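Asker: I have a structure here, written as structure tokens, and I will follow up with some questions on it.
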Amino acid sequence: MDEARGLTVAEPAYVKIAGEYARKIRAGELPPGTQLRSYPELAKRHGVSQIVIRNAIELLLGQGLVRTERRKGTFVADRPNLTRVSPERQFEQPETTFENEATEPVEVERDIESVFATEDLADKLGVKVGSELTHVIVRASEGGRPISVSDSYQPIDVADVSAAAFLEETITDTLPPASHAEWLRTPSGELVKAVFQRYIASDEQVLMISNISYPRDRYDAFLFRMALEPESVATSRRETST
């Protein structure tokens, strides 16, 4: 999902399956040490290929939720941690993203408005100062505790980011903007985990930028998989560069 915008795009089957097992593991339905079924059994159960199951297990491995033992199989990790998966989750609704992680009720609220590009926003989006933009704020909480807040900006004529060929992400520990600190209840001077995203089309047009803040103790790690570029575009680029 584009977390800030709420763009609806069908998520890959392996992401959906991994999310199902992630929820069960974090809810304690699958205790540490539990052995998962074999790839053929899981493929039959979910009606997918073993390749899809393999990708789902690899995603769970990357999140630290499972471990594998040669010739034995896949087991729930002894101490499952919480890893932010990106950008696999960028094409989910935020409700789905956080509910996949949560053990308590999740609430998501959005504010959408039209604004005009400042010099900073114009520079980042490659538009003229004063150009009309769509600004979306998404705030998420779990069990009443704020867990995420994001600001997204995109040109008014860009409907969504489904045409994105690239996603650039930068993660830092930094002081949050005042509005983010207020939502996350961050004490003065305390850092947050911040992710800056740029969605870029194959012609290099910046479709959207997002600034997302999380409490520093929310995630143990971030997992990035950046394969957004369509194969046809990638092939064209390789041919052009040779």
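Starting from 1 in every chain, residues are counted up; chains themselves are A, B, ... following the order of the structure tokens, and ligands are numbered from 1 as listed.
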Quick one: residues within 8 Å of region 49-56 of chain A, only C-alpha atoms, excluding same-chain residues fewer than 5 positions away - as a list in words?
Answerer: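 Near region 49-56 of chain A, the qualifying residues are Ala13, Tyr14, Val15, Ile17, Ala18, Tyr39, Pro40, Leu42, Ala43 and Lys44 of chain A.
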Asker: To test your reading of the structure, identify every residue in region 115-236 of chain A that backbone DSSP assigns to strand (DSSP E), and report it as a ChimeraX atom specification.
Answerer: /A:115-116,132-142,145-155,166-174,192-200,206-214,221-224
Asker: Of the candidates A:Tyr199, A:Tyr219, A:Tyr153, A:Phe116, which shows the shortest atom-to-atom distance to Glu168 (chain A), using only C-alpha atoms?
Answerer: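 Nearest to Glu168 (chain A): A:Tyr199.
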Asker: Enumerate as number ranges by chain all residues of region 4-238 of chain A assigned to alpha helix (DSSP H) by DSSP on the backbone, naming them with the chain letters and numbers the document uses.
Answerer: A: 13-26, 39-46, 50-62, 94-101, 119-125, 178-184, 231-238
Asker: Please report, as a Markdown table, each residue of region 47-103 of chain A lying at most 9 Å from region 131-141 of chain A, together with the nearest pair of atoms and the separation in Å rounded to one decimal; use only C-alpha atoms, and order rows by chain and ascending residue number.
Answerer:
```
| residue | atom | partner | partner_atom | distance |
| --- | --- | --- | --- | --- |
| A:Pro94 | CA | A:Ala140 | CA | 8.0 |
| A:Glu95 | CA | A:Ala140 | CA | 8.3 |
| A:Phe98 | CA | A:Ala140 | CA | 8.2 |
```
Asker: Looking at A:Tyr214, A:Asp78, A:Thr68, A:Glu99, which one is nearest to Glu20 (chain A), with distances taken over only C-alpha atoms?
Answerer: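 Among the listed residues, A:Glu99 lies closest to Glu20 (chain A).
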Asker: If you count only C-alpha atoms, which residues fall within 7 Å of Gln35 (chain A), apart from same-chain ones fewer than 2 positions away, as a PDB file with N, CA, C and O atoms, in the first residue's frame?
Answerer:
```
ATOM      1  N   GLY A  33       8.713 -22.356  18.226  1.00  0.00           N
ATOM      2  CA  GLY A  33       9.073 -23.760  18.066  1.00  0.00           C
ATOM      3  C   GLY A  33       8.091 -24.566  17.248  1.00  0.00           C
ATOM      4  O   GLY A  33       8.378 -25.704  16.846  1.00  0.00           O
ATOM      5  N   ARG A  37       3.769 -26.469   8.187  1.00  0.00           N
ATOM      6  CA  ARG A  37       3.602 -27.565   7.247  1.00  0.00           C
ATOM      7  C   ARG A  37       4.623 -27.455   6.116  1.00  0.00           C
ATOM      8  O   ARG A  37       5.233 -26.408   5.906  1.00  0.00           O
ATOM      9  N   THR A  74      10.510 -25.659   8.575  1.00  0.00           N
ATOM     10  CA  THR A  74      10.402 -24.272   9.015  1.00  0.00           C
ATOM     11  C   THR A  74       9.704 -24.216  10.363  1.00  0.00           C
ATOM     12  O   THR A  74       8.664 -24.863  10.555  1.00  0.00           O
ATOM     13  N   PHE A  75      10.260 -23.429  11.286  1.00  0.00           N
ATOM     14  CA  PHE A  75       9.741 -23.357  12.646  1.00  0.00           C
ATOM     15  C   PHE A  75       9.520 -21.902  13.042  1.00  0.00           C
ATOM     16  O   PHE A  75      10.255 -21.010  12.599  1.00  0.00           O
ATOM     17  N   VAL A  76       8.549 -21.663  13.909  1.00  0.00           N
ATOM     18  CA  VAL A  76       8.341 -20.327  14.462  1.00  0.00           C
ATOM     19  C   VAL A  76       9.554 -19.962  15.316  1.00  0.00           C
ATOM     20  O   VAL A  76      10.039 -20.783  16.100  1.00  0.00           O
TER      21      VAL A  76
END
```
Asker: Between CA of Val48 (chain A) and CA of Ala102 (chain A), what is the distance in Å, rounded to a tenth?
Answerer: 25.8 Å
Asker: Can you work out the spacing between CA of Ala181 (chain A) and CA of Asp111 (chain A) in Å, to one decimal?
Answerer: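 These atoms are spaced 17.1 Å apart.
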Asker: Could you state the separation of CA of Val149 (chain A) and CA of Asp173 (chain A) in Å, given to one decimal place?
Answerer: 14.9 Å
Asker: Can you list, as a list in words, every protein, DNA or RNA residue that comes within 9 Å of Asn81 (chain A) when you count only C-alpha atoms, leaving out same-chain residues fewer than 3 positions away?
Answerer: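 My list of contacting residues is Arg26, Gln63, Gly64, Leu65, Ala77, Tyr219, Asp220 and Ala221 of chain A.
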